[in-house]
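Structure record follows, encoded as structure tokens.
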Amino acid sequence: MSTFLWVVFPYLALATFVGGLIWRYRYDQFGWTSRSSQLYESKLLRIGSPLFHLGLLIALMGHLMGLVIPKTWTDGLGIEQHLYHLFAVVGGLVSGAMIVVGFAILVFRRRTTSTVFQATTWNDKLMYLLLGLVIAFGMWNTLSTALDVSHDAYNYRLGVSRWFRSVFMLRPDASLMVDAPLQFQVHAVLAFLLILVWPFTRLVHVFSAPIGYLTRPYIVYRSAGDGPGGRPGSGLGVPQKTWDSPTSKRG
């Protein structure tokens, strides 16, 4: 099981991630979208979405620093472990609070706004559940590290970080994860599971650069009364741009 979890599964998830993105882009470009629900409700979205995405960006930067940069490098730069630990904990608590609050607002909005809830698929629900578990165990790791003031607290930079780098160096060392606390192990497995299902969810919109939005033609909205039987020009909406249309190249 250790070999599967810490050697086989990471490569299985990464291969599915790359292959799934290529397949989705080639055969499902129309579905390559976040399926924006801003037209249904915007007040809660204006609060929850920036909080969640900004917190996620900060957390991602913190993960890259903690997992990719070896401890010997920061030691060589004269950054003491205590200072690094303090910076990591403060950054983790701030970004974690932003993610949790933003995620809670978005889930509350999706559950309580009927039109948004009706547009939610089972795929979305499973994705939110998995994403919520990753966030929960990530916060558990941060809080357990912050509240543990003993000198023998688990140092993830000597275990999880070295294992993470060994995977991408094609020399995976499962022994580095055997002694890691359970919450760190579960967080790592859930993170790679999220990577595995990523190409088949709305999360693919992360890789869409919104450059085409600058030249996208306007979309005109009309009410149901327009057309034959309706008053001429009644309900004609003001031309506006929207992200709810996945592509501007439809035939």
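Residues in the structure tokens are named by chain (A, B, ... in the order shown) and by number from 1 within that chain; ligands are numbered from 1 in the order shown.
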
Would you mind listing what lies within 12 Å of Gly19 of chain A as a VMD selection string, with only C-alpha atoms counted and same-chain residues fewer than 3 positions away left out?
chain A and resid 11 to 16 22 to 26 195 to 200

Next, the residues of the selection above should be written as a PDB file, in the first residue's frame with C-alpha atoms.
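Saved result, result.pdb, follows:
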ATOM      1  CA  TYR A  11       2.352   9.163 -11.453  1.00  0.00           C
ATOM      2  CA  LEU A  12      -1.106   7.745 -12.199  1.00  0.00           C
ATOM      3  CA  ALA A  13      -2.654  11.072 -11.171  1.00  0.00           C
ATOM      4  CA  LEU A  14      -0.153  13.159 -13.157  1.00  0.00           C
ATOM      5  CA  ALA A  15      -0.532  11.009 -16.287  1.00  0.00           C
ATOM      6  CA  THR A  16      -4.325  11.246 -16.093  1.00  0.00           C
ATOM      7  CA  ILE A  22      -5.304  17.071 -23.878  1.00  0.00           C
ATOM      8  CA  TRP A  23      -8.409  14.924 -24.467  1.00  0.00           C
ATOM      9  CA  ARG A  24     -10.753  17.554 -23.002  1.00  0.00           C
ATOM     10  CA  TYR A  25      -9.242  20.335 -25.106  1.00  0.00           C
ATOM     11  CA  ARG A  26      -9.454  18.324 -28.322  1.00  0.00           C
ATOM     12  CA  ILE A 195      -5.196  16.425  -9.696  1.00  0.00           C
ATOM     13  CA  LEU A 196      -6.449  13.134 -11.158  1.00  0.00           C
ATOM     14  CA  VAL A 197     -10.070  14.300 -11.561  1.00  0.00           C
ATOM     15  CA  TRP A 198      -9.152  17.893 -12.482  1.00  0.00           C
ATOM     16  CA  PRO A 199      -9.473  17.520 -16.300  1.00  0.00           C
ATOM     17  CA  PHE A 200     -13.019  16.176 -15.977  1.00  0.00           C
TER      18      PHE A 200
END

Using only C-alpha atoms, which protein or nucleic acid residues come within 12 Å of segment 72-83 of chain A? Drop anything in the same chain fewer than 3 positions from it, and give the result as a PyMOL selection string.
chain A and resi 65-66+68-69+86-90+146+149+151+155+157-158+162

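Within the 8 Å cut-off around His187 of chain A, using only C-alpha atoms and omitting residues fewer than 6 positions from it on the same chain, the listed residues are Val134, Phe137 and Gly138 of chain A.
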
Pick out each residue of segment 20-242 of chain A that DSSP on the backbone tags as strand (DSSP E or B); I need them as an NGL selection string.
:A and (219 or 222 or 236 or 240)

Prev. selection, C-alpha atoms, output as a PDB file, in the first residue's frame:
ATOM      1  CA  ILE A 219     -24.013  38.971 -26.871  1.00  0.00           C
ATOM      2  CA  ARG A 222     -33.758  39.297 -25.323  1.00  0.00           C
ATOM      3  CA  LEU A 236     -34.272  44.010 -25.892  1.00  0.00           C
ATOM      4  CA  GLN A 240     -22.946  43.173 -22.945  1.00  0.00           C
TER       5      GLN A 240
END

If you run DSSP on the backbone, which residues of segment 155-206 of chain A are alpha helix (DSSP H), as an mmCIF file with C-alpha atoms, in the first residue's frame?
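Now in out-v8.cif:
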data_model
loop_
_atom_site.group_PDB
_atom_site.id
_atom_site.type_symbol
_atom_site.label_atom_id
_atom_site.label_comp_id
_atom_site.auth_asym_id
_atom_site.auth_seq_id
_atom_site.Cartn_x
_atom_site.Cartn_y
_atom_site.Cartn_z
ATOM 1 C CA VAL A 160 6.818 15.457 2.791
ATOM 2 C CA SER A 161 8.850 18.041 0.866
ATOM 3 C CA ARG A 162 11.676 15.610 0.107
ATOM 4 C CA TRP A 163 9.169 12.976 -1.036
ATOM 5 C CA PHE A 164 7.410 15.516 -3.271
ATOM 6 C CA ARG A 165 10.683 16.473 -4.958
ATOM 7 C CA SER A 166 11.699 12.831 -5.320
ATOM 8 C CA VAL A 167 8.516 12.153 -7.306
ATOM 9 C CA PHE A 168 9.312 14.855 -9.865
ATOM 10 C CA SER A 175 9.994 5.776 3.090
ATOM 11 C CA LEU A 176 9.915 9.577 3.461
ATOM 12 C CA MET A 177 6.125 9.465 3.917
ATOM 13 C CA VAL A 178 5.874 6.459 6.228
ATOM 14 C CA LEU A 182 -1.768 10.934 9.296
ATOM 15 C CA GLN A 183 -3.179 14.358 8.394
ATOM 16 C CA PHE A 184 -0.184 15.084 6.147
ATOM 17 C CA GLN A 185 -0.565 11.710 4.429
ATOM 18 C CA VAL A 186 -4.304 12.171 3.831
ATOM 19 C CA HIS A 187 -3.754 15.710 2.558
ATOM 20 C CA ALA A 188 -1.173 14.474 0.048
ATOM 21 C CA VAL A 189 -3.399 11.645 -1.220
ATOM 22 C CA LEU A 190 -6.409 13.947 -1.556
ATOM 23 C CA ALA A 191 -4.325 16.546 -3.395
ATOM 24 C CA PHE A 192 -3.188 14.013 -6.002
ATOM 25 C CA LEU A 193 -6.750 12.671 -6.236
ATOM 26 C CA LEU A 194 -7.901 16.213 -7.025
ATOM 27 C CA ILE A 195 -5.196 16.425 -9.696
ATOM 28 C CA LEU A 196 -6.449 13.134 -11.158
ATOM 29 C CA VAL A 197 -10.070 14.300 -11.561
#

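By chain and then residue number, the residues within 12 Å of Arg109 of chain A are Ser37, Gln38, Tyr40, Glu41, Ser42, Lys43, Leu44, Leu45, Arg46, Ile47, Gly48, Ser49, Gly102, Phe103, Ala104, Ile105, Leu106, Thr112, Thr113, Ser114, Thr115, Val116, Phe117, Gln118 and Thr120 of chain A, counting only C-alpha atoms and disregarding those fewer than 3 positions away in sequence.
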
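Nearest-residue note for Asn141 of chain A: choosing from A:Ala180, A:Val107, A:Val8, A:Ile99, the minimum distance belongs to A:Ala180, counting only C-alpha atoms.
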
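With only C-alpha atoms as the atoms that count, the residue of A:Thr201, A:Asp179, A:Ala97, A:Gly159 with the shortest distance to Leu126 of chain A is A:Thr201.
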